[in-house]
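> Let me give you the structure first, and then I'll get to my questions.
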Amino acid sequence: MTQQNTKELINQYLKDIFYQVLSIQENHVSIAAKKRLSRTEMHSIEVIKDNASPILTHVAEALKISKATASVCIERLVRKGFVLKKKLISDRRKHSLELTDIGELCYTQHKEFHDKMVDSLLTDFKLDEYPELLRGLKNMSDFFKKY
């Protein structure tokens, strides 16, 4: 196989994986929630769970979306019953965010999906024997961070 063929194959795999992950992830979590969740809503739930004292700004920054978009997303999650908003005592203009029980369930489902995805990648690898895999994934991550 030529280098050009290999590059084309890698590109096709990356595109296939990207679109499949988005679709499967959205469907998997929505089924658990028994409600439709957008990717932004699901990843907002993830940011809320992964931050010690989450506020709207954390969601916007982590997802690289505007505060207005994050605000709309959080309001939808509150209406759907996944998130609770509580005014901060230190600054009444801001709200702390926390997950409800159904929000926690969705987070758990989302995390399990990611864990299975990583496990499937590592099926034939022992990372200490294949540092190239980690280096390649880090390079890809660094590439995406530039955008």
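Ordering of the structure tokens sets the chain letters (A, B, ...), residue numbers begin anew at 1 in every chain, and ligands are numbered from 1 in the order given.
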Quick one: residues within 8 Å of range 51-68 of chain A, only C-alpha atoms, excluding same-chain residues fewer than 3 positions away - as an MDAnalysis selection string?

chainID A and resid 40 43:44 47:48 71:72 74 94:98

> Per DSSP on the backbone, filter chain A down to the residues in strand (DSSP E) and report them as a list of chain:residue names.

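Taking chain A and keeping strand (DSSP E) gives A:Val83, A:Leu84, A:Lys85, A:Lys86, A:Lys87, A:His95, A:Ser96, A:Leu97, A:Glu98, A:Leu99.
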
> How would the residues just picked look written out with C-alpha atoms as a PDB file, in the first residue's frame?


ATOM      1  CA  VAL A  83     -30.237  20.314  35.381  1.00  0.00           C
ATOM      2  CA  LEU A  84     -31.005  22.497  38.384  1.00  0.00           C
ATOM      3  CA  LYS A  85     -29.953  26.136  38.588  1.00  0.00           C
ATOM      4  CA  LYS A  86     -29.321  27.809  41.952  1.00  0.00           C
ATOM      5  CA  LYS A  87     -28.366  31.437  42.480  1.00  0.00           C
ATOM      6  CA  HIS A  95     -26.214  30.378  38.991  1.00  0.00           C
ATOM      7  CA  SER A  96     -24.522  27.186  40.065  1.00  0.00           C
ATOM      8  CA  LEU A  97     -25.511  24.202  37.986  1.00  0.00           C
ATOM      9  CA  GLU A  98     -26.104  20.678  39.168  1.00  0.00           C
ATOM     10  CA  LEU A  99     -27.463  17.531  37.626  1.00  0.00           C
TER      11      LEU A  99
END

> Neighbouring residues of Tyr107 in chain A were defined as those with any atom within 7 Å, considering only C-alpha atoms; residues of the same chain fewer than 4 positions away were excluded. Please report them as a VMD selection string.

chain A and resid 45 to 46 103 111

> Among range 13-63 of chain A, which residues does DSSP mark as alpha helix (DSSP H) when it is run on the backbone? Keep the chain and numbering as in the structure and answer as a ChimeraX atom specification.

/A:13-33,39-50,56-63

> Quick one: write out the picked residues with C-alpha atoms as a short mmCIF file (atom, residue, chain, number, x, y, z; two decimals), in the first residue's frame?


data_model
loop_
_atom_site.label_atom_id
_atom_site.label_comp_id
_atom_site.auth_asym_id
_atom_site.auth_seq_id
_atom_site.Cartn_x
_atom_site.Cartn_y
_atom_site.Cartn_z
CA TYR A 13 -11.58 5.88 8.90
CA LEU A 14 -11.49 9.21 10.77
CA LYS A 15 -14.54 10.51 8.90
CA ASP A 16 -16.44 7.26 9.46
CA ILE A 17 -15.56 7.23 13.15
CA PHE A 18 -16.46 10.90 13.63
CA TYR A 19 -19.94 10.60 12.12
CA GLN A 20 -20.66 7.26 13.74
CA VAL A 21 -19.61 8.50 17.18
CA LEU A 22 -21.85 11.56 16.91
CA SER A 23 -24.85 9.54 15.82
CA ILE A 24 -24.44 6.61 18.20
CA GLN A 25 -23.60 8.82 21.15
CA GLU A 26 -26.67 11.01 20.63
CA ASN A 27 -28.99 8.01 20.23
CA HIS A 28 -27.46 6.03 23.10
CA VAL A 29 -27.90 8.80 25.65
CA SER A 30 -31.31 9.88 24.34
CA ILE A 31 -32.63 6.35 24.79
CA ALA A 32 -31.41 6.31 28.38
CA ALA A 33 -32.97 9.71 29.01
CA ARG A 39 -24.92 16.78 21.39
CA THR A 40 -24.50 20.23 22.94
CA GLU A 41 -26.96 19.35 25.70
CA MET A 42 -25.18 16.05 26.40
CA HIS A 43 -21.78 17.66 26.48
CA SER A 44 -23.15 20.41 28.72
CA ILE A 45 -24.22 17.70 31.16
CA GLU A 46 -20.70 16.29 30.96
CA VAL A 47 -19.12 19.70 31.70
CA ILE A 48 -21.46 20.24 34.65
CA LYS A 49 -20.56 16.85 36.12
CA ASP A 50 -16.83 17.24 35.51
CA LEU A 56 -22.71 28.78 32.73
CA THR A 57 -19.31 30.26 31.82
CA HIS A 58 -17.66 26.86 32.37
CA VAL A 59 -20.07 25.26 29.90
CA ALA A 60 -19.53 27.97 27.28
CA GLU A 61 -15.74 27.85 27.56
CA ALA A 62 -15.47 24.06 27.60
CA LEU A 63 -17.71 23.64 24.57
#

> Suppose you want the space between CA of Glu104 in chain A and CA of Ser141 in chain A; what is it in Å?

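If I compute the distance from CA of Glu104 in chain A to CA of Ser141 in chain A, I get 27.1 Å.
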
> Using only C-alpha atoms, which of A:Arg93, A:Tyr147, A:Arg76, A:Leu122 sits nearest Ser38 in chain A?

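Ranking A:Arg93, A:Tyr147, A:Arg76, A:Leu122 by distance to Ser38 in chain A, first place goes to A:Arg76.
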
> Kindly give the distance, in Å, that separates CA of Pro131 in chain A and CA of Asn5 in chain A, rounded to a single decimal.

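Computing it gives 23.6 Å between the two atoms.
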
> Take CA of His114 in chain A and CA of Leu137 in chain A and report the distance between them in Å, one decimal.

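These two atoms are separated by 15.3 Å.
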